[in-house]
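Dropping query.tsv in here (TSV, C-alpha atoms and all ligand atoms):
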chain	number	residue	atom	x	y	z
A	1047	MET	CA	0.00	0.00	0.00
A	1048	ARG	CA	1.31	3.45	-0.96
A	1049	VAL	CA	-0.06	6.60	0.64
A	1050	ILE	CA	-0.28	10.25	-0.32
A	1051	LEU	CA	-1.29	12.42	2.61
A	1052	ASP	CA	-2.64	15.80	1.55
A	1053	CYS	CA	-2.86	17.71	4.80
A	1054	ASP	CA	-2.68	21.04	6.64
A	1055	PRO	CA	-0.71	20.38	9.86
A	1056	GLY	CA	-2.34	21.32	12.06
A	1057	ILE	CA	-2.33	19.46	15.34
A	1058	ASP	CA	-4.57	16.49	14.50
A	1059	ASP	CA	-2.82	16.18	11.10
A	1060	THR	CA	0.39	15.82	13.12
A	1061	TYR	CA	-1.02	12.77	14.91
A	1062	ALA	CA	-1.85	11.27	11.51
A	1063	ILE	CA	1.75	11.83	10.40
A	1064	ILE	CA	3.10	10.23	13.57
A	1065	TRP	CA	1.01	7.12	12.88
A	1066	LEU	CA	1.87	6.99	9.17
A	1067	THR	CA	5.59	7.26	9.81
A	1068	ALA	CA	5.39	4.40	12.34
A	1069	ALA	CA	3.49	2.28	9.82
A	1070	ALA	CA	6.15	3.10	7.22
A	1071	HIS	CA	8.95	2.18	9.66
A	1072	ALA	CA	7.19	-1.13	10.33
A	1073	GLY	CA	6.83	-1.86	6.62
A	1074	LEU	CA	3.00	-1.74	6.62
A	1075	LEU	CA	2.91	0.94	3.95
A	1076	GLU	CA	5.04	3.25	1.85
A	1077	LEU	CA	4.57	6.94	2.50
A	1078	ASP	CA	4.77	8.24	-1.04
A	1079	CYS	CA	4.65	11.97	-0.29
A	1080	LEU	CA	3.06	14.62	1.90
A	1081	THR	CA	1.50	17.61	0.21
A	1082	THR	CA	-0.14	20.52	1.94
A	1083	THR	CA	-3.04	22.82	1.43
A	1084	SER	CA	-3.92	26.14	3.00
A	1085	GLY	CA	-6.37	25.66	5.85
A	1086	ASN	CA	-5.28	25.53	9.45
A	1087	THR	CA	-2.42	27.76	8.35
A	1088	HIS	CA	-0.83	28.71	4.99
A	1089	ALA	CA	0.20	25.83	2.69
A	1090	GLU	CA	3.89	26.80	2.89
A	1091	GLN	CA	3.85	26.86	6.67
A	1092	CYS	CA	1.97	23.54	6.65
A	1093	ALA	CA	4.76	22.10	4.48
A	1094	ARG	CA	7.39	23.38	6.94
A	1095	ASN	CA	5.43	21.78	9.75
A	1096	ALA	CA	4.99	18.50	7.87
A	1097	ALA	CA	8.70	18.30	7.04
A	1098	TRP	CA	9.63	18.99	10.66
A	1099	VAL	CA	7.25	16.34	12.01
A	1100	LEU	CA	8.60	13.83	9.48
A	1101	SER	CA	12.15	14.49	10.61
A	1102	LEU	CA	11.14	14.31	14.30
A	1103	CYS	CA	9.66	10.90	13.43
A	1104	GLY	CA	12.82	9.68	11.69
A	1105	LEU	CA	11.53	9.87	8.11
A	1106	PRO	CA	12.91	13.12	6.65
A	1107	ILE	CA	13.31	11.34	3.31
A	1108	VAL	CA	9.59	11.49	2.43
A	1109	PRO	CA	9.01	14.21	-0.20
A	1110	VAL	CA	6.98	17.20	0.99
A	1111	ALA	CA	5.58	19.98	-1.17
A	1112	ALA	CA	3.30	22.94	-0.57
A	1113	GLY	CA	0.11	22.90	-2.61
A	1114	CYS	CA	-2.33	25.62	-3.64
A	1115	PRO	CA	-1.86	28.76	-1.56
A	1116	GLU	CA	-5.49	29.91	-1.78
A	1117	PRO	CA	-8.95	28.33	-1.96
A	1118	LEU	CA	-10.45	28.15	-5.47
A	1119	VAL	CA	-12.80	31.12	-5.04
A	1120	CYS	CA	-13.07	32.26	-1.41
A	1121	GLU	CA	-10.50	34.36	0.34
A	1122	LEU	CA	-8.24	32.25	2.57
A	1123	THR	CA	-9.14	32.05	6.27
A	1124	THR	CA	-6.75	30.27	8.63
A	1125	THR	CA	-7.35	29.30	12.23
A	1126	PRO	CA	-4.54	30.34	14.60
A	1127	GLU	CA	-7.04	30.21	17.49
A	1128	THR	CA	-7.44	26.45	16.97
A	1129	HIS	CA	-3.95	25.30	15.96
A	1130	GLY	CA	-1.64	28.11	17.09
A	1131	GLU	CA	0.10	30.95	15.29
A	1132	THR	CA	2.05	28.64	12.95
A	1133	GLY	CA	-0.18	25.56	13.10
A	1134	LEU	CA	1.61	23.47	15.73
A	1135	GLY	CA	0.23	24.86	18.96
A	1136	TYR	CA	2.98	26.19	21.24
A	1137	ALA	CA	5.74	24.56	19.13
A	1138	THR	CA	7.37	26.16	16.10
A	1139	ALA	CA	8.92	24.38	13.13
A	1140	PRO	CA	12.31	25.67	11.95
A	1141	GLU	CA	12.37	27.92	8.90
A	1142	ARG	CA	13.14	26.11	5.64
A	1143	GLU	CA	12.61	26.35	1.91
A	1144	VAL	CA	9.71	24.26	0.71
A	1145	ALA	CA	9.17	22.55	-2.63
A	1146	ARG	CA	6.14	23.46	-4.71
A	1147	ASP	CA	6.00	20.59	-7.20
A	1148	TRP	CA	3.07	18.94	-5.42
A	1149	ASP	CA	1.16	17.96	-8.53
A	1150	THR	CA	4.27	16.39	-10.09
A	1151	LEU	CA	4.56	14.25	-6.96
A	1152	TRP	CA	0.93	13.18	-7.39
A	1153	CYS	CA	1.38	12.46	-11.14
A	1154	ASP	CA	4.50	10.39	-10.46
A	1155	ALA	CA	2.70	8.39	-7.78
A	1156	ILE	CA	-0.29	7.79	-10.05
A	1157	GLU	CA	1.95	6.72	-12.94
A	1158	ARG	CA	3.39	4.01	-10.70
A	1159	GLY	CA	-0.14	2.48	-10.54
A	1160	THR	CA	-3.25	3.20	-8.54
A	1161	ASP	CA	-4.50	-0.23	-7.39
A	1162	ASP	CA	-2.47	0.16	-4.20
A	1163	LEU	CA	-2.33	3.98	-4.06
A	1164	TYR	CA	-4.38	5.64	-1.29
A	1165	LEU	CA	-4.95	9.39	-1.29
A	1166	VAL	CA	-6.06	10.74	2.09
A	1167	VAL	CA	-7.05	14.41	2.32
A	1168	THR	CA	-7.12	15.87	5.83
A	1169	GLY	CA	-7.36	19.54	4.89
A	1170	PRO	CA	-9.53	21.55	2.50
A	1171	MET	CA	-9.94	19.87	-0.91
A	1172	THR	CA	-8.30	22.68	-2.89
A	1173	ASN	CA	-5.43	20.56	-4.20
A	1174	LEU	CA	-7.69	17.72	-5.25
A	1175	ALA	CA	-10.04	20.05	-7.14
A	1176	ALA	CA	-7.11	21.84	-8.79
A	1177	PHE	CA	-5.60	18.48	-9.74
A	1178	ALA	CA	-8.91	17.34	-11.30
A	1179	GLU	CA	-8.87	20.44	-13.47
A	1180	ALA	CA	-5.17	20.40	-14.43
A	1181	HIS	CA	-4.60	16.64	-14.74
A	1182	PRO	CA	-7.97	15.04	-15.59
A	1183	GLU	CA	-6.43	11.83	-16.96
A	1184	HIS	CA	-4.37	11.22	-13.85
A	1185	TYR	CA	-7.30	12.17	-11.61
A	1186	ALA	CA	-9.52	9.62	-13.36
A	1187	GLU	CA	-7.03	6.89	-12.39
A	1188	LEU	CA	-7.45	7.37	-8.64
A	1189	LYS	CA	-9.10	4.36	-7.02
A	1190	HIS	CA	-8.90	5.08	-3.29
A	1191	ILE	CA	-9.77	8.54	-1.95
A	1192	THR	CA	-10.52	9.32	1.69
A	1193	VAL	CA	-11.49	12.75	2.96
A	1194	MET	CA	-11.79	14.16	6.47
A	1195	GLY	CA	-14.44	16.81	6.22
A	1196	GLY	CA	-18.04	17.81	6.35
A	1197	ALA	CA	-20.69	17.80	9.00
A	1198	VAL	CA	-23.07	15.63	7.05
A	1199	ASN	CA	-26.61	15.93	8.43
A	1200	TYR	CA	-24.84	16.93	11.69
A	1201	PRO	CA	-23.99	20.20	13.53
A	1202	GLY	CA	-20.93	22.02	12.17
A	1203	ASN	CA	-17.85	23.15	14.05
A	1204	THR	CA	-17.33	26.38	12.09
A	1205	THR	CA	-20.88	27.55	11.39
A	1206	PRO	CA	-24.03	25.87	12.71
A	1207	SER	CA	-24.02	23.62	9.64
A	1208	ALA	CA	-20.45	23.59	8.24
A	1209	GLU	CA	-17.27	21.77	9.17
A	1210	TRP	CA	-13.95	23.66	8.89
A	1211	ASN	CA	-12.28	21.87	5.93
A	1212	PHE	CA	-15.39	22.18	3.75
A	1213	TRP	CA	-16.05	25.73	4.92
A	1214	VAL	CA	-12.53	26.95	4.00
A	1215	ASP	CA	-12.90	25.84	0.39
A	1216	PRO	CA	-16.52	24.92	-0.32
A	1217	HIS	CA	-16.08	25.27	-4.08
A	1218	ALA	CA	-13.30	22.69	-4.07
A	1219	ALA	CA	-15.37	20.28	-2.01
A	1220	ALA	CA	-18.40	20.71	-4.31
A	1221	GLU	CA	-16.21	20.26	-7.39
A	1222	VAL	CA	-14.61	17.07	-6.10
A	1223	PHE	CA	-17.95	15.48	-5.20
A	1224	ALA	CA	-19.23	16.39	-8.66
A	1225	THR	CA	-16.29	14.83	-10.50
A	1226	THR	CA	-14.76	12.11	-8.33
A	1227	PRO	CA	-13.84	8.97	-10.26
A	1228	VAL	CA	-14.67	6.74	-7.25
A	1229	PRO	CA	-16.95	7.02	-4.22
A	1230	ILE	CA	-15.02	8.98	-1.61
A	1231	THR	CA	-14.65	7.46	1.84
A	1232	LEU	CA	-15.97	10.41	3.81
A	1233	CYS	CA	-14.99	10.70	7.48
A	1234	SER	CA	-17.11	13.56	8.67
A	1235	LEU	CA	-17.51	15.19	12.07
A	1236	GLY	CA	-20.24	12.79	13.18
A	1237	VAL	CA	-17.56	10.11	13.43
A	1238	THR	CA	-14.25	11.96	13.82
A	1239	GLU	CA	-15.40	14.00	16.83
A	1240	ARG	CA	-15.46	10.71	18.75
A	1241	MET	CA	-11.68	10.35	18.45
A	1242	LEU	CA	-11.00	12.06	21.77
A	1243	LEU	CA	-7.55	12.47	23.24
A	1244	THR	CA	-7.31	13.01	27.00
A	1245	PRO	CA	-4.29	14.41	28.89
A	1246	GLU	CA	-3.82	10.98	30.51
A	1247	ARG	CA	-3.63	9.23	27.15
A	1248	LEU	CA	-1.22	11.85	25.85
A	1249	GLU	CA	1.02	11.29	28.85
A	1250	ARG	CA	1.04	7.53	28.20
A	1251	CYS	CA	1.81	8.06	24.51
A	1252	VAL	CA	4.65	10.46	25.23
A	1253	GLY	CA	6.06	7.99	27.77
A	1254	ALA	CA	5.90	5.19	25.20
A	1255	LEU	CA	7.59	7.31	22.52
A	1256	GLY	CA	10.67	7.52	24.71
A	1257	PRO	CA	13.61	9.50	23.36
A	1258	LEU	CA	12.15	10.24	19.93
A	1259	GLY	CA	12.25	13.91	18.90
A	1260	VAL	CA	8.51	14.19	18.47
A	1261	ALA	CA	7.94	13.08	22.09
A	1262	LYS	CA	9.54	16.32	23.27
A	1263	GLN	CA	7.30	18.48	21.08
A	1264	LEU	CA	3.99	16.65	21.37
A	1265	PRO	CA	2.98	17.98	24.83
A	1266	GLU	CA	3.54	21.59	23.70
A	1267	ILE	CA	1.80	20.99	20.40
A	1268	THR	CA	-1.20	19.35	22.06
A	1269	ARG	CA	-1.56	21.64	25.09
A	1270	PHE	CA	-2.74	24.41	22.76
A	1271	TYR	CA	-5.37	22.10	21.25
A	1272	PHE	CA	-6.60	21.00	24.70
A	1273	GLU	CA	-6.96	24.66	25.69
A	1274	PHE	CA	-8.86	25.45	22.51
A	1275	HIS	CA	-11.32	22.60	23.05
A	1276	GLU	CA	-11.82	23.73	26.64
A	1277	GLU	CA	-12.50	27.30	25.49
A	1278	VAL	CA	-15.21	26.16	23.09
A	1279	GLY	CA	-16.89	24.07	25.77
A	1280	GLU	CA	-15.64	20.61	24.80
A	1281	GLY	CA	-13.59	20.08	27.97
A	1282	TYR	CA	-9.79	19.79	28.41
A	1283	ARG	CA	-9.31	17.15	25.71
A	1284	ALA	CA	-8.98	17.15	21.94
A	1285	GLN	CA	-10.67	15.73	18.86
A	1286	ILE	CA	-8.08	14.03	16.67
A	1287	HIS	CA	-10.14	13.93	13.46
A	1288	ASP	CA	-7.37	13.40	10.93
A	1289	LEU	CA	-5.76	10.41	12.62
A	1290	LEU	CA	-9.09	8.57	12.62
A	1291	ALA	CA	-9.67	9.45	8.95
A	1292	VAL	CA	-6.29	8.00	7.99
A	1293	LEU	CA	-6.89	4.78	9.93
A	1294	ILE	CA	-10.35	4.35	8.40
A	1295	GLY	CA	-9.27	5.27	4.88
A	1296	LEU	CA	-6.41	2.79	4.89
A	1297	GLY	CA	-8.62	0.05	6.37
A	1298	PHE	CA	-6.85	-0.34	9.72
A	1299	VAL	CA	-9.98	0.27	11.77
A	1300	GLU	CA	-13.35	-1.49	11.54
A	1301	HIS	CA	-16.01	0.89	10.34
A	1302	SER	CA	-19.35	0.94	8.60
A	1303	GLY	CA	-21.17	3.46	6.49
A	1304	ARG	CA	-23.60	4.20	3.73
A	1305	VAL	CA	-23.05	4.59	0.03
A	1306	THR	CA	-24.76	7.84	-0.87
A	1307	THR	CA	-24.61	11.07	-2.84
A	1308	VAL	CA	-23.02	14.05	-1.13
A	1309	ASP	CA	-23.11	17.67	-2.23
A	1310	VAL	CA	-21.68	20.83	-0.72
A	1311	GLU	CA	-23.15	24.34	-0.72
A	1312	ALA	CA	-20.57	26.80	-1.97
A	1313	ASP	CA	-22.28	30.06	-2.83
A	1314	SER	CA	-24.78	30.89	-0.12
A	1315	PRO	CA	-23.12	33.01	2.63
A	1316	LEU	CA	-25.38	31.52	5.30
A	1317	MET	CA	-24.89	27.89	4.30
A	1318	ARG	CA	-21.30	28.08	2.98
A	1319	GLY	CA	-19.58	24.68	3.30
A	1320	THR	CA	-22.72	22.84	4.40
A	1321	SER	CA	-22.66	19.23	3.26
A	1322	VAL	CA	-25.72	17.12	2.62
A	1323	ALA	CA	-26.07	13.40	1.98
A	1324	ASP	CA	-29.08	12.32	-0.05
A	1325	LEU	CA	-29.84	9.34	2.17
A	1326	ARG	CA	-33.26	8.74	0.58
A	1327	GLY	CA	-32.04	8.92	-3.01
A	1328	ILE	CA	-34.31	11.89	-3.74
A	1329	TRP	CA	-31.86	13.51	-6.18
A	1330	GLY	CA	-31.63	10.32	-8.25
A	1331	ARG	CA	-27.92	10.95	-8.77
A	1332	GLU	CA	-25.04	8.48	-8.89
A	1333	PRO	CA	-23.47	7.76	-5.49
A	1334	ASN	CA	-20.20	9.64	-4.99
A	1335	ALA	CA	-19.39	8.83	-1.36
A	1336	ARG	CA	-19.23	6.15	1.26
A	1337	LEU	CA	-20.25	8.10	4.33
A	1338	VAL	CA	-18.66	6.54	7.41
A	1339	THR	CA	-21.19	6.41	10.23
A	1340	GLU	CA	-19.54	4.10	12.77
A	1341	ALA	CA	-15.91	3.37	13.58
A	1342	ASP	CA	-14.05	1.46	16.26
A	1343	VAL	CA	-12.43	4.43	17.98
A	1344	GLU	CA	-10.83	2.34	20.73
A	1345	ALA	CA	-9.12	0.22	18.08
A	1346	ALA	CA	-7.90	3.44	16.47
A	1347	TRP	CA	-6.29	4.53	19.75
A	1348	GLY	CA	-4.82	1.04	20.00
A	1349	TRP	CA	-3.11	1.67	16.65
A	1350	PHE	CA	-1.74	4.96	17.92
A	1351	ASP	CA	-0.33	3.24	21.02
A	1352	TRP	CA	1.23	0.68	18.66
A	1353	ALA	CA	2.76	3.54	16.62
A	1354	CYS	CA	4.36	5.01	19.73
A	1355	GLU	CA	5.97	1.66	20.51
A	1356	VAL	CA	7.23	1.29	16.94
A	1357	HIS	CA	8.80	4.73	17.07
A	1358	ALA	CA	10.49	3.93	20.37
A	1359	LYS	CA	11.90	0.70	18.91
A	1360	VAL	CA	13.15	2.44	15.79
A	1361	ALA	CA	14.79	5.16	17.88
A	1362	ALA	CA	16.46	2.45	19.96
A	1363	GLY	CA	17.69	0.67	16.80
A	1364	ASP	CA	15.61	-2.42	17.55
A	1365	ALA	CA	16.89	-5.38	15.49
A	1366	GLU	CA	13.48	-6.96	14.86
A	1367	LEU	CA	12.19	-3.82	13.17
A	1368	THR	CA	15.36	-3.34	11.18
A	1369	GLN	CA	14.91	-6.85	9.81
A	1370	LEU	CA	11.31	-6.08	8.98
A	1371	ARG	CA	12.39	-3.04	6.97
A	1372	HIS	CA	15.03	-5.02	5.14
A	1373	ARG	CA	12.60	-7.79	4.24
A	1374	ARG	CA	10.23	-5.20	2.82
A	1375	ALA	CA	12.98	-3.57	0.76
A	1376	GLU	CA	13.82	-6.93	-0.83
A	1377	ASP	CA	10.17	-7.60	-1.86
B	1401	LIG	C1	-10.70	19.53	10.59
B	1401	LIG	O1	-10.40	20.92	10.62
B	1401	LIG	C2	-9.06	21.13	10.94
B	1401	LIG	O2	-8.91	22.19	11.84
B	1401	LIG	C3	-8.53	19.83	11.50
B	1401	LIG	O3	-7.16	19.66	11.18
B	1401	LIG	C4	-9.39	18.77	10.83
B	1401	LIG	O4	-8.84	18.38	9.59
B	1401	LIG	C5	-11.78	19.25	11.61
B	1401	LIG	O5	-12.91	20.01	11.32
B	1402	CA	CA	-6.51	18.94	9.01

Just give me the structure as C-alpha cells.
Amino acid sequence: MRVILDCDPGIDDTYAIIWLTAAAHAGLLELDCLTTTSGNTHAEQCARNAAWVLSLCGLPIVPVAAGCPEPLVCELTTTPETHGETGLGYATAPEREVARDWDTLWCDAIERGTDDLYLVVTGPMTNLAAFAEAHPEHYAELKHITVMGGAVNYPGNTTPSAEWNFWVDPHAAAEVFATTPVPITLCSLGVTERMLLTPERLERCVGALGPLGVAKQLPEITRFYFEFHEEVGEGYRAQIHDLLAVLIGLGFVEHSGRVTTVDVEADSPLMRGTSVADLRGIWGREPNARLVTEADVEAAWGWFDWACEVHAKVAAGDAELTQLRHRRAED
C-alpha cells in the first residue's frame, strides 16, 4: 500500500503523520509523499510543519511539497485560534525552503499504478479540485480517496451547519464530489469527533515514545489544542479527526457506512460549506461517497499506542524492526 497524505498540519494532522511514519517504519505501507493545502495555516507553513514532524519521526526522506496557496474562489481564512500561530500549537517548526511541485509528486505516484495507491485528504480539498482540473487523466485513475471533512446531516464546528475543511474551500469540495472517479470514503464530524484524546492518554503516549524527537514536542503541540477545546466548551481534551480518517481510509480500523450522494453548498453566505447526503435517493444521482457512520475508535487509539511503541523501537535501533524493513525492501 502506498499513501499520499494531503494535509494542513495542524495538530490532529500531526497525529496522523506520527502514525503513518510508524506504519512506514514497520513496513506496513510506503509513505509516497506529503502535500499541503492552505487551511489551518498557509500551505507553505503547513509544508514546513509536515517536514519537521517527518524528521522528528525519523523519516525526513519522504518528499513534501506545498500545494495551492489559496482556496479556489473564497479568500483564505486560517485558524490560529485552533492550531496556534504557525499551526503546531505552542511549538514552532524551523524555517526552511519548501518545494512546490506537489502535482508532479501526485502524477509520479499515479503513474506508478493506482491499485495500491491511497490518497487521504485531511485539509480543505483545494489541491484535489485543482488536480482534477489540471490533470484530468491522472485524476480519473485514482481508485482510493478518503477525505476528512463535512458535518453531514450533523452540527458544524465552524458555522451551525459547516465543518472547517469544507467551509474553507466549499467550491473545491463541491467540485470534487461532482467529479470524483470513485466514491469517496468520507470521514465527517459525526464520526471523527469521537476520536477524543485526554491528557492521561497523551502522557502515556509520550512515555511510550521515549527518546524520539517528536515526544519532546507533542505535549507543547497538544496543550494548545486541549486549551482550545476547553474554550469552546468541549472540555480539556482534543478531537483528533485526521488520525481517525487515515486509519479508516487505509482500512486499519473497523467501520461501517452508507453509500450515498453528497453535495456541498458553496455560494450561499449563510450555508457556505454545508454538506448534505441524499440518504433517501431523492436527487436520483449516482453515489459519490461512502459516508462513514460508525468506527471502532478504541481500536484506532490502540493503533496509535502501537505507533508510539514502533517509534520507540526504531529510535532504539531495535533489530526486529530493522529486519522487517530489510525484508520489505527486498520484496
Ligand atoms: C478539521 O479541521 C481542521 O482544523 C482539523 O485539522 C481537521 O482536519 C476538523 O474540522
Ligand atoms: Ca486537518

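For the residues A:Ala1224, A:Ala1291, A:Ala1145, A:Val1252, ranking by smallest atom-to-atom distance to A:Pro1333 using only C-alpha atoms places A:Ala1224 first.
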
What residues have any atom no more than 6 Å from ligand LIG 1401 (chain B) when counting all atoms listed in the file, and can you list them as a list in words?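 Residues lying within 6 Å of ligand LIG 1401 (chain B): Gly1056, Asp1058, Asp1059, Asn1086, Thr1168, Gly1169, Glu1209, Trp1210, Asn1211, His1287 and Asp1288 of chain A.
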
Just want the 8 Å neighbourhood of A:Tyr1164, counted on all atoms listed in the file, with same-chain residues fewer than 2 positions away dropped. Output as a PyMOL selection string. chain A and resi 1047-1050+1160+1162+1166+1189-1192+1295-1296

Distance of atom CA of A:Glu1187 from atom CA of A:Val1119, expressed in Å to one decimal place: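 Interatomic distance, atom CA of A:Val1119 to atom CA of A:Glu1187: 26.0 Å.
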
A straight line from atom CA of A:Val1198 to atom CA of A:His1129 spans 23.2 Å

Give me, please, the distance in Å between atom CA of A:Met1317 and atom CA of A:Thr1205, quoted to one decimal.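 Taking atom CA of A:Met1317 as the start and atom CA of A:Thr1205 as the end point, the length is 8.2 Å.
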
Residues near stretch 1232-1248 of chain A, cut-off 7 Å, all atoms listed in the file, skip fewer than 4 positions along chain, as a PyMOL selection string: chain A and resi 1192-1198+1200+1252+1283-1287+1290-1291+1335-1341+1343

Check the smallest atom-to-atom distance from each of A:Val1099, A:Ala1089, A:Ala1069, A:Val1278 to A:Thr1172 using all atoms listed in the file, then report the winner.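 Between A:Val1099, A:Ala1089, A:Ala1069, A:Val1278, the residue approaching A:Thr1172 most closely is A:Ala1089.
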
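Using all atoms listed in the file, the contacts of A:Glu1249 at a cut-off of 12 Å, with sequence neighbours closer than 3 positions omitted, comprise Leu1243, Thr1244, Pro1245, Glu1246, Val1252, Gly1253, Ala1254, Leu1255, Gly1256, Ala1261, Lys1262, Leu1264, Pro1265, Glu1266, Thr1268, Arg1269, Asp1351 and Cys1354 of chain A.
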
Extract, using only C-alpha atoms, all DNA, RNA and protein residues at most 12 Å from A:Ala1312, discarding same-chain residues fewer than 6 positions from it, and format them as a list in words. Pro1117, Leu1118, Val1119, Cys1120, Ala1208, Phe1212, Trp1213, Val1214, Asp1215, Pro1216, His1217, Ala1218, Ala1219, Ala1220, Glu1221, Arg1318, Gly1319, Thr1320, Ser1321 and Val1322 of chain A
